[in-house]
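Chemist: File model.txt below, compact mmCIF, C-alpha atoms:
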```txt
# COMPACT_ATOMS: atom_id res chain seq x y z
CA MET Q 29 186.85 130.27 159.42
CA ARG Q 30 186.99 127.21 161.69
CA VAL Q 31 190.48 126.15 162.77
CA LEU Q 32 191.54 123.02 164.61
CA GLY Q 33 194.42 123.76 167.01
CA ILE Q 34 196.87 121.14 168.31
CA GLU Q 35 199.27 121.75 171.22
CA THR Q 36 201.97 119.14 172.00
CA SER Q 37 205.02 121.18 173.01
CA CYS Q 38 205.69 119.49 176.36
CA ASP Q 39 203.59 117.36 178.71
CA GLU Q 40 200.01 118.32 177.84
CA THR Q 41 198.05 117.34 174.76
CA GLY Q 42 195.56 120.07 173.88
CA VAL Q 43 193.13 120.16 170.96
CA ALA Q 44 190.51 122.83 170.26
CA ILE Q 45 188.35 124.34 167.52
CA TYR Q 46 188.12 128.11 167.12
CA ASP Q 47 185.59 129.83 164.85
CA SER Q 48 186.47 133.34 163.66
CA GLU Q 49 182.84 134.42 164.04
CA GLN Q 50 181.53 132.31 166.93
CA GLY Q 51 184.68 132.09 169.03
CA LEU Q 52 185.88 128.94 170.80
CA LEU Q 53 183.59 126.02 169.93
CA ALA Q 54 185.24 123.21 171.89
CA ASP Q 55 188.49 122.28 173.58
CA CYS Q 56 189.93 119.15 175.18
CA LEU Q 57 193.07 118.74 177.26
CA TYR Q 58 194.96 115.70 178.49
CA SER Q 59 197.67 116.18 181.12
CA GLN Q 60 200.61 113.80 181.51
CA VAL Q 61 201.23 114.80 185.15
CA ASP Q 62 200.63 111.30 186.48
CA ILE Q 63 203.13 109.83 184.00
CA HIS Q 64 205.97 112.20 184.88
CA ALA Q 65 205.24 112.60 188.60
CA GLN Q 66 207.07 109.40 189.52
CA TYR Q 67 210.25 110.85 187.96
CA GLY Q 68 209.90 114.33 189.45
CA GLY Q 69 210.01 116.01 186.03
CA VAL Q 70 209.18 115.64 182.35
CA ILE Q 71 210.78 112.71 180.51
CA PRO Q 72 210.84 113.85 176.83
CA GLU Q 73 210.60 110.37 175.30
CA LEU Q 74 207.62 109.43 177.46
CA ALA Q 75 205.97 112.75 176.61
CA SER Q 76 206.34 112.09 172.87
CA ARG Q 77 204.96 108.58 173.12
CA ASP Q 78 201.92 109.74 175.06
CA HIS Q 79 201.21 112.53 172.54
CA ILE Q 80 201.17 109.83 169.85
CA ARG Q 81 198.55 107.90 171.81
CA LYS Q 82 196.35 110.86 172.71
CA THR Q 83 196.37 113.41 169.86
CA LEU Q 84 194.09 111.72 167.30
CA PRO Q 85 191.54 110.54 169.90
CA LEU Q 86 191.36 114.11 171.20
CA VAL Q 87 190.90 115.42 167.64
CA LYS Q 88 187.91 113.10 167.23
CA GLU Q 89 186.57 114.08 170.64
CA VAL Q 90 186.78 117.82 170.06
CA ILE Q 91 185.07 117.55 166.64
CA GLU Q 92 182.23 115.57 168.24
CA LYS Q 93 182.06 118.02 171.14
CA ALA Q 94 181.66 120.92 168.69
CA LYS Q 95 178.99 118.91 166.82
CA LEU Q 96 180.90 119.22 163.56
CA GLN Q 97 182.17 116.97 160.80
CA ALA Q 98 185.74 116.85 159.54
CA GLY Q 99 184.57 118.65 156.41
CA ASP Q 100 183.56 121.66 158.52
CA ILE Q 101 187.20 122.39 159.46
CA GLY Q 102 188.75 125.14 157.33
CA GLY Q 103 192.33 125.00 158.61
CA VAL Q 104 194.68 123.28 161.03
CA ALA Q 105 197.13 124.98 163.40
CA TYR Q 106 199.75 123.18 165.45
CA THR Q 107 202.51 124.22 167.84
CA ALA Q 108 205.74 124.31 165.83
CA GLY Q 109 207.98 125.50 168.69
CA PRO Q 110 209.60 126.24 170.99
CA GLY Q 111 209.40 123.04 173.01
CA LEU Q 112 210.59 119.44 173.20
CA ILE Q 113 211.54 118.43 169.66
CA GLY Q 114 210.00 114.95 169.84
CA ALA Q 115 206.75 116.25 171.28
CA LEU Q 116 206.60 119.04 168.69
CA LEU Q 117 207.10 116.57 165.86
CA VAL Q 118 204.07 114.58 166.96
CA GLY Q 119 201.72 117.55 166.77
CA ALA Q 120 203.35 118.87 163.60
CA SER Q 121 203.08 115.51 161.84
CA VAL Q 122 199.47 114.98 162.87
CA GLY Q 123 198.49 118.56 162.04
CA ARG Q 124 200.19 118.56 158.66
CA SER Q 125 198.72 115.14 157.79
CA LEU Q 126 195.20 116.22 158.73
CA GLY Q 127 195.59 119.31 156.57
CA MET Q 128 196.66 117.24 153.59
CA GLY Q 129 193.91 114.68 154.17
CA TRP Q 130 191.21 117.32 154.52
CA ASN Q 131 192.72 119.53 151.80
CA VAL Q 132 192.84 122.60 154.05
CA PRO Q 133 195.74 124.95 154.84
CA THR Q 134 197.93 124.39 157.89
CA ILE Q 135 200.10 126.74 159.94
CA GLY Q 136 202.81 126.16 162.52
CA VAL Q 137 202.22 128.42 165.54
CA HIS Q 138 204.79 129.87 167.93
CA HIS Q 139 203.99 128.47 171.39
CA MET Q 140 204.68 131.77 173.17
CA GLU Q 141 202.56 133.71 170.68
CA GLY Q 142 199.77 131.33 171.60
CA HIS Q 143 200.20 132.19 175.29
CA LEU Q 144 200.50 135.90 174.51
CA LEU Q 145 197.20 135.87 172.60
CA ALA Q 146 195.29 133.61 175.04
CA PRO Q 147 193.62 136.64 176.75
CA MET Q 148 192.02 137.38 173.37
CA LEU Q 149 189.74 134.41 174.04
CA GLU Q 150 188.03 136.35 176.84
CA SER Q 151 184.82 138.36 176.43
CA SER Q 152 186.70 141.62 177.07
CA PRO Q 153 190.09 141.24 175.37
CA PRO Q 154 192.88 143.83 175.54
CA GLU Q 155 193.42 146.28 172.71
CA PHE Q 156 196.76 146.79 170.98
CA PRO Q 157 199.35 148.03 171.80
CA PHE Q 158 200.31 146.60 175.18
CA VAL Q 159 203.15 145.15 177.24
CA ALA Q 160 203.02 141.39 177.79
CA LEU Q 161 204.62 139.48 180.65
CA LEU Q 162 205.07 135.89 179.48
CA VAL Q 163 205.70 133.58 182.42
CA SER Q 164 205.48 129.93 181.43
CA GLY Q 165 207.50 126.94 182.59
CA GLY Q 166 210.53 127.65 180.43
CA HIS Q 167 210.16 131.35 179.62
CA THR Q 168 210.03 134.65 181.46
CA GLN Q 169 209.85 137.53 178.99
CA LEU Q 170 208.62 141.10 178.75
CA VAL Q 171 207.42 141.95 175.25
CA GLN Q 172 206.13 145.14 173.69
CA VAL Q 173 203.23 144.16 171.44
CA LYS Q 174 202.15 146.59 168.72
CA THR Q 175 199.92 144.09 166.90
CA ILE Q 176 199.90 140.35 166.18
CA GLY Q 177 203.39 139.44 165.05
CA ASP Q 178 204.94 142.84 165.75
CA TYR Q 179 206.87 142.06 168.92
CA THR Q 180 209.84 143.73 170.59
CA LEU Q 181 211.60 141.79 173.33
CA LEU Q 182 212.21 144.12 176.28
CA GLY Q 183 213.74 141.64 178.70
CA GLU Q 184 214.00 137.95 179.47
CA SER Q 185 215.39 135.49 181.97
CA LEU Q 186 219.15 135.02 181.74
CA ASP Q 187 218.96 131.60 183.44
CA ASP Q 188 216.05 129.86 185.17
CA ALA Q 189 212.61 131.13 184.21
CA ALA Q 190 210.14 131.89 186.99
CA GLY Q 191 208.17 128.71 186.27
CA GLU Q 192 211.32 126.59 186.38
CA ALA Q 193 212.30 128.17 189.69
CA PHE Q 194 208.86 127.38 191.14
CA ASP Q 195 209.13 123.74 190.07
CA LYS Q 196 212.69 123.34 191.38
CA VAL Q 197 211.85 124.97 194.70
CA GLY Q 198 208.86 122.66 194.99
CA LYS Q 199 211.19 119.70 194.56
CA MET Q 200 213.60 121.10 197.18
CA LEU Q 201 210.72 121.42 199.64
CA GLY Q 202 209.64 117.83 199.00
CA LEU Q 203 206.34 118.82 197.41
CA PRO Q 204 204.62 116.65 194.77
CA TYR Q 205 205.18 117.23 191.04
CA PRO Q 206 204.44 119.65 189.46
CA GLY Q 207 206.10 121.88 192.02
CA GLY Q 208 204.81 125.29 190.91
CA PRO Q 209 201.12 125.01 191.84
CA ASN Q 210 202.00 123.12 195.02
CA VAL Q 211 204.44 125.85 196.12
CA ALA Q 212 201.64 128.40 195.68
CA THR Q 213 199.26 126.25 197.73
CA GLU Q 214 201.86 125.77 200.45
CA ALA Q 215 202.60 129.51 200.48
CA GLU Q 216 199.01 130.24 201.51
CA LEU Q 217 199.82 128.66 204.89
CA GLY Q 218 203.07 130.56 205.33
CA ASP Q 219 204.06 133.55 207.48
CA ALA Q 220 205.16 136.37 205.17
CA ASP Q 221 207.25 138.02 207.91
CA ARG Q 222 209.47 135.12 208.95
CA PHE Q 223 211.87 135.07 205.97
CA HIS Q 224 212.84 137.75 203.48
CA PHE Q 225 214.40 136.54 200.23
CA PRO Q 226 216.24 138.79 197.71
CA ARG Q 227 214.50 140.36 194.70
CA PRO Q 228 217.05 139.47 191.99
CA MET Q 229 218.29 142.09 189.52
CA THR Q 230 215.94 144.78 190.79
CA ASN Q 231 218.75 146.99 192.13
CA ARG Q 232 220.12 147.60 188.65
CA PRO Q 233 218.56 149.10 185.50
CA GLY Q 234 217.12 146.93 182.76
CA LEU Q 235 214.29 144.48 182.26
CA ASP Q 236 216.10 141.12 182.30
CA PHE Q 237 215.41 138.47 184.95
CA SER Q 238 217.51 135.96 186.87
CA PHE Q 239 216.07 133.43 189.31
CA SER Q 240 218.98 131.00 189.75
CA GLY Q 241 220.42 132.99 192.67
CA LEU Q 242 217.06 133.09 194.40
CA LYS Q 243 216.82 129.33 193.96
CA THR Q 244 220.23 128.94 195.63
CA PHE Q 245 219.13 131.23 198.48
CA VAL Q 246 216.13 128.95 199.04
CA ARG Q 247 218.35 125.86 199.05
CA ASN Q 248 220.65 127.43 201.67
CA THR Q 249 217.69 128.44 203.83
CA ILE Q 250 216.30 124.91 203.70
CA SER Q 251 219.70 123.57 204.77
CA GLU Q 252 219.88 126.03 207.68
CA GLN Q 253 216.35 125.33 208.89
CA SER Q 254 216.23 121.55 208.51
CA ASP Q 255 216.89 119.06 211.29
CA GLY Q 256 219.84 116.70 211.40
CA ASN Q 257 218.17 114.42 208.85
CA GLY Q 258 217.43 117.20 206.37
CA ASN Q 259 213.72 117.44 207.21
CA LEU Q 260 211.62 120.59 207.63
CA ASP Q 261 208.65 121.00 209.92
CA ASP Q 262 205.37 121.85 208.15
CA GLN Q 263 205.28 125.50 209.20
CA THR Q 264 208.86 126.19 208.13
CA ARG Q 265 208.17 124.58 204.75
CA ALA Q 266 205.14 126.85 204.30
CA ASP Q 267 207.08 129.93 205.45
CA ILE Q 268 209.89 129.26 202.94
CA ALA Q 269 207.36 128.73 200.16
CA ARG Q 270 205.68 132.04 201.07
CA ALA Q 271 208.98 133.96 201.13
CA PHE Q 272 209.98 132.51 197.77
CA GLU Q 273 206.64 133.34 196.16
CA GLU Q 274 206.73 136.86 197.59
CA ALA Q 275 210.22 137.38 196.13
CA VAL Q 276 209.22 136.18 192.65
CA VAL Q 277 206.02 138.22 192.62
CA ALA Q 278 207.76 141.37 193.84
CA THR Q 279 210.47 140.97 191.19
CA LEU Q 280 207.96 140.52 188.38
CA ILE Q 281 205.96 143.56 189.53
CA ILE Q 282 209.04 145.80 189.64
CA LYS Q 283 210.04 144.77 186.12
CA CYS Q 284 206.51 145.15 184.74
CA ARG Q 285 206.24 148.64 186.21
CA ARG Q 286 209.55 149.57 184.57
CA ALA Q 287 208.41 148.15 181.23
CA LEU Q 288 205.21 150.21 181.27
CA GLU Q 289 207.16 153.36 182.16
CA GLN Q 290 209.78 152.67 179.47
CA THR Q 291 207.21 152.12 176.71
CA GLY Q 292 204.70 154.72 177.88
CA LEU Q 293 201.94 152.12 177.63
CA LYS Q 294 199.12 151.64 180.14
CA THR Q 295 197.96 148.11 179.29
CA LEU Q 296 199.64 145.02 180.72
CA VAL Q 297 198.85 141.45 179.66
CA ILE Q 298 200.13 138.48 181.66
CA ALA Q 299 200.13 135.02 180.12
CA GLY Q 300 201.61 131.56 180.64
CA GLY Q 301 201.27 129.05 183.45
CA VAL Q 302 202.60 131.30 186.23
CA SER Q 303 200.05 133.98 185.29
CA ALA Q 304 197.43 131.78 186.98
CA ASN Q 305 199.11 132.49 190.35
CA SER Q 306 196.51 134.33 192.42
CA ARG Q 307 199.03 136.38 194.42
CA LEU Q 308 200.73 137.57 191.24
CA ARG Q 309 197.39 138.60 189.73
CA ALA Q 310 196.27 140.47 192.83
CA ARG Q 311 199.56 142.34 193.33
CA LEU Q 312 199.87 143.23 189.65
CA GLN Q 313 196.28 144.49 189.66
CA GLU Q 314 197.16 146.81 192.54
CA ALA Q 315 200.32 148.07 190.83
CA VAL Q 316 198.71 148.63 187.44
CA SER Q 317 195.67 150.34 188.96
CA LYS Q 318 197.93 152.76 190.86
CA ALA Q 319 199.51 153.65 187.52
CA GLN Q 320 196.01 154.17 186.07
CA GLY Q 321 196.49 151.27 183.69
CA GLU Q 322 194.65 148.03 182.89
CA LEU Q 323 195.59 144.40 183.51
CA PHE Q 324 194.39 141.51 181.35
CA TYR Q 325 194.84 137.75 181.64
CA ALA Q 326 193.15 134.56 180.49
CA GLN Q 327 191.07 132.14 182.53
CA ALA Q 328 193.28 129.81 184.56
CA LYS Q 329 192.63 126.87 182.23
CA TYR Q 330 193.97 128.87 179.27
CA CYS Q 331 197.10 129.99 181.13
CA THR Q 332 198.72 126.57 181.00
CA ASP Q 333 199.38 124.84 177.66
CA ASN Q 334 196.16 124.32 175.71
CA GLY Q 335 194.84 123.86 172.18
CA ALA Q 336 192.52 126.88 172.33
CA MET Q 337 195.37 129.42 172.23
CA ILE Q 338 196.94 127.60 169.27
CA ALA Q 339 193.64 127.47 167.40
CA TYR Q 340 193.11 131.21 167.96
CA ALA Q 341 196.63 132.25 166.95
CA GLY Q 342 196.54 129.94 163.94
CA CYS Q 343 193.16 131.29 162.86
CA GLN Q 344 194.47 134.87 162.82
CA ARG Q 345 197.45 133.92 160.64
CA LEU Q 346 195.49 131.67 158.29
CA MET Q 347 192.90 134.42 157.74
CA ALA Q 348 195.78 136.77 156.90
CA GLY Q 349 196.80 134.41 154.10
CA GLN Q 350 199.76 132.73 155.80
CA LYS Q 351 200.11 128.96 155.51
CA ASP Q 352 202.72 126.18 155.50
CA ASP Q 353 204.32 124.65 152.49
CA LEU Q 354 204.66 120.85 152.32
CA SER Q 355 207.37 120.71 154.99
CA ILE Q 356 206.76 119.72 158.61
CA ILE Q 357 207.97 122.51 160.90
CA ALA Q 358 209.34 121.89 164.40
CA LYS Q 359 211.66 124.38 166.12
CA PRO Q 360 212.87 123.65 169.67
CA ARG Q 361 214.16 127.26 169.78
CA TRP Q 362 212.35 130.09 168.02
CA SER Q 363 212.50 133.87 168.57
CA LEU Q 364 209.20 135.72 168.89
CA GLU Q 365 210.73 138.71 167.13
CA SER Q 366 211.30 136.66 163.99
CA LEU Q 367 207.56 136.25 163.37
CA PRO Q 368 205.92 138.21 160.54
CA ALA Q 369 203.43 140.90 161.54
CA LEU Q 370 199.84 140.72 160.35
```
Could you show the structure in this file as structure tokens?
Modeler:
Amino acid sequence: MRVLGIETSCDETGVAIYDSEQGLLADCLYSQVDIHAQYGGVIPELASRDHIRKTLPLVKEVIEKAKLQAGDIGGVAYTAGPGLIGALLVGASVGRSLGMGWNVPTIGVHHMEGHLLAPMLESSPPEFPFVALLVSGGHTQLVQVKTIGDYTLLGESLDDAAGEAFDKVGKMLGLPYPGGPNVATEAELGDADRFHFPRPMTNRPGLDFSFSGLKTFVRNTISEQSDGNGNLDDQTRADIARAFEEAVVATLIIKCRRALEQTGLKTLVIAGGVSANSRLRARLQEAVSKAQGELFYAQAKYCTDNGAMIAYAGCQRLMAGQKDDLSIIAKPRWSLESLPAL
């Protein structure tokens, strides 16, 4: 079965075609970074308008890239949530309309399920069951995964997600938007021994996260280290970025280790934009290897929002017989645990 996947949950327009037998045939991605950079964050209305401009041209491009015709598509999957409601409605409307026009089934996909299943696109995918650490811009969650759709939430962020904290710290440090990747780049130049930031909620039992206090600690450190005009020298900026990244990575590792011990599982999957962080990957690999387990993650380009993960997740559900009715589905909030198992 060939499925067209459409991702428009936030500030990236992703379209891809996944074939159940041949794998990923083609994918295209358009980022709105340049549009939102001048505002220092995503402007929902501008995001929606740009999705309107870009989605159909990308659909045409990905079909041509795969050397297919519209009649070769057997189903359409689109991100139905969670995300920005206006942005979601663009992808949902386009996806549902294409399905009706082509007379093929459509399915609304959970954005975080797409991220969770992105490592399945790799040549050596993980086997069920496993523990998944989902670390995207707006979510930090630990999930026990028995099979597709059978998810148990083990812990989540009670306030800022890790990705949000990265972006906000980047803004505090005066780094360009988006802050997360730039904080990681800056941290490579930092001295790991100069500052030590707290590892939030690691001194108590449980698998929940909280990064708002760490963010405040960073703000106070910047205030203490800046000159009379509120400026930081380059080395201090890098040292703060390094200490912040070390704190987030250490916190995530501690919680992942607890989750594996609690579930008795040996396989850990990390997914979402923050999972592309090289320090997080390296440290988690060390921790999981010591526990005689295995770590899996997607290529960096499939860690951030993309159409390939939506096409894959949608293909699995469409092949299982699930499909939409005539309604257009868009859910800004949507629990993973509410999804039906395959």
Chemist: Determine, for each residue of stretch 46-160 of chain Q having at least one atom at most 12 Å from an atom of stretch 197-201 of chain Q, the closest pair of atoms and their separation in Å to one decimal, counting all atoms listed in the file; order by chain and ascending number, as JSON lines.
Modeler:
```
{"residue": "Q:Ala65", "atom": "CA", "partner": "Q:Lys199", "partner_atom": "CA", "distance": 11.0}
{"residue": "Q:Tyr67", "atom": "CA", "partner": "Q:Lys199", "partner_atom": "CA", "distance": 11.1}
{"residue": "Q:Gly68", "atom": "CA", "partner": "Q:Lys199", "partner_atom": "CA", "distance": 7.5}
{"residue": "Q:Gly69", "atom": "CA", "partner": "Q:Lys199", "partner_atom": "CA", "distance": 9.4}
```
Chemist: Find the distance between atom CA of Q:Leu367 and atom CA of Q:Leu235 and write it in Å to one decimal.
Modeler: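 Separating atom CA of Q:Leu367 from atom CA of Q:Leu235 is a distance of 21.7 Å.
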Chemist: Between atom CA of Q:Gly208 and atom CA of Q:Gly114, measure the distance and give it in Å to one decimal.
Modeler: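 Computing it gives 24.0 Å between the two atoms.
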Chemist: List the neighbours of Q:Phe272 out to 10 Å using only C-alpha atoms; skip same-chain residues closer than 6 positions along the sequence, and give me the result as a list of chain:residue names.
Modeler: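 Here the qualifying residues turn out to be Q:Ala193, Q:Phe194, Q:Val197, Q:Val211, Q:Ala212, Q:Ala215, Q:Ala220, Q:Phe223, Q:His224, Q:Phe225, Q:Pro226, Q:Arg227, Q:Leu242, Q:Lys243, Q:Phe245, Q:Val246, Q:Ala266, Q:Ala278.
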Chemist: Would you mind exporting C-alpha atoms of the selected residues as a PDB file, keeping the file's coordinate frame?
Modeler:
```pdb
ATOM      1  CA  ALA Q 193     212.300 128.170 189.690  1.00  0.00           C
ATOM      2  CA  PHE Q 194     208.860 127.380 191.140  1.00  0.00           C
ATOM      3  CA  VAL Q 197     211.850 124.970 194.700  1.00  0.00           C
ATOM      4  CA  VAL Q 211     204.440 125.850 196.120  1.00  0.00           C
ATOM      5  CA  ALA Q 212     201.640 128.400 195.680  1.00  0.00           C
ATOM      6  CA  ALA Q 215     202.600 129.510 200.480  1.00  0.00           C
ATOM      7  CA  ALA Q 220     205.160 136.370 205.170  1.00  0.00           C
ATOM      8  CA  PHE Q 223     211.870 135.070 205.970  1.00  0.00           C
ATOM      9  CA  HIS Q 224     212.840 137.750 203.480  1.00  0.00           C
ATOM     10  CA  PHE Q 225     214.400 136.540 200.230  1.00  0.00           C
ATOM     11  CA  PRO Q 226     216.240 138.790 197.710  1.00  0.00           C
ATOM     12  CA  ARG Q 227     214.500 140.360 194.700  1.00  0.00           C
ATOM     13  CA  LEU Q 242     217.060 133.090 194.400  1.00  0.00           C
ATOM     14  CA  LYS Q 243     216.820 129.330 193.960  1.00  0.00           C
ATOM     15  CA  PHE Q 245     219.130 131.230 198.480  1.00  0.00           C
ATOM     16  CA  VAL Q 246     216.130 128.950 199.040  1.00  0.00           C
ATOM     17  CA  ALA Q 266     205.140 126.850 204.300  1.00  0.00           C
ATOM     18  CA  ALA Q 278     207.760 141.370 193.840  1.00  0.00           C
TER      19      ALA Q 278
END
```
Chemist: Quick one: pull the distance between atom CA of Q:Pro233 and atom CA of Q:Ala160, Å, one decimal.
Modeler: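 Answer for the atom CA of Q:Pro233 to atom CA of Q:Ala160 separation: 19.0 Å.
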Chemist: Kindly indicate which residue among Q:Pro368, Q:Gly202, Q:Gly111, Q:Pro153 lies nearest to Q:His167, using only C-alpha atoms for the distances.
Modeler: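 Looking at the shortest contact to Q:His167, the residue is Q:Gly111.
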Chemist: Quick one: residues within 10 Å of Q:Trp130, only C-alpha atoms counted, chain neighbours fewer than 6 positions away excluded, as a ChimeraX atom specification?
Modeler: /Q:98-104,124
Chemist: Emit the selected residues as a CSV table (one decimal), keeping the file's coordinate frame, including C-alpha atoms.
Modeler:
```csv
chain,number,residue,atom,x,y,z
Q,98,ALA,CA,185.7,116.8,159.5
Q,99,GLY,CA,184.6,118.6,156.4
Q,100,ASP,CA,183.6,121.7,158.5
Q,101,ILE,CA,187.2,122.4,159.5
Q,102,GLY,CA,188.8,125.1,157.3
Q,103,GLY,CA,192.3,125.0,158.6
Q,104,VAL,CA,194.7,123.3,161.0
Q,124,ARG,CA,200.2,118.6,158.7
```
Chemist: As a list of chain:residue names, please: the residues near stretch 173-175 of chain Q (cut-off 12 Å, only C-alpha atoms, same-chain neighbours under 5 positions excluded).
Modeler: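 Near neighbours after the sequence-gap exclusion: Q:Glu141, Q:Leu144, Q:Leu145, Q:Pro154, Q:Glu155, Q:Phe156, Q:Pro157, Q:Phe158, Q:Val159, Q:Ala160, Q:Leu161, Q:Leu162, Q:Thr180, Q:Leu181, Q:Leu182, Q:Ala287, Q:Leu288, Q:Thr291, Q:Leu293, Q:Thr295, Q:Leu296, Q:Val297, Q:Gln344, Q:Leu364, Q:Glu365, Q:Leu367, Q:Pro368, Q:Ala369, Q:Leu370.
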Chemist: Within 12 Å of (198.6, 132.1, 190.6) (file coordinates; all atoms listed in the file), which protein or nucleic acid residues are there? I'd like them as a PyMOL selection string.
Modeler: chain Q and resi 163-164+191+194+208-213+215-216+273-274+276-277+298-312+325-329+331-332
Chemist: Smallest atom-to-atom distance to Q:Gly349: which of Q:Glu150, Q:Pro133, Q:Pro228, Q:Asp261, using all atoms listed in the file?
Modeler: Q:Pro133
Chemist: Using only C-alpha atoms, which residue out of Q:Val31, Q:Leu74, Q:Leu354, Q:Val316 lies closest to Q:Arg286?
Modeler: Q:Val316
Chemist: My list of candidates is Q:Ala75, Q:Leu53, Q:Leu84, Q:Ala319. Which is closest to Q:Ser125 when distances are computed with all atoms listed in the file?
Modeler: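 Distance minimum relative to Q:Ser125 lands on Q:Leu84.
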Chemist: Rank nothing, just name the residue among Q:Gln263, Q:Gln66, Q:Gln60, Q:Ser152 nearest to Q:Pro204, using only C-alpha atoms.
Modeler: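 Closest to Q:Pro204, using only C-alpha atoms: Q:Gln66.
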Chemist: For stretch 35-38 of chain Q, work out the shell of residues within 8 Å, counting all atoms listed in the file and skipping chain neighbours fewer than 4 positions away, then give it as a PyMOL selection string.
Modeler: chain Q and resi 42-43+70+72+75+79+106-113+115-116+118-119+139+333-335+338
Chemist: Pick from Q:Gly136, Q:Gly129, Q:Gly166, Q:Gly51: nearest to Q:Leu346, with only C-alpha atoms counted?
Modeler: Q:Gly136
Chemist: Excluding same-chain residues fewer than 5 positions from Q:Glu92, what lies within 12 Å of it counting only C-alpha atoms, as a PyMOL selection string?
Modeler: chain Q and resi 44-45+53-56+85-87+97-98+100
Chemist: Enclose stretch 121-130 of chain Q, meaning all of its atoms listed in the file, in a box aligned along x, y and z, pad it by 6 Å on each side, and list the centre and edge lengths in Å to one decimal, as lines of an AutoDock Vina configuration file.
Modeler:
```
center_x = 197.1
center_y = 117.0
center_z = 158.2
size_x = 23.9
size_y = 16.6
size_z = 21.3
```
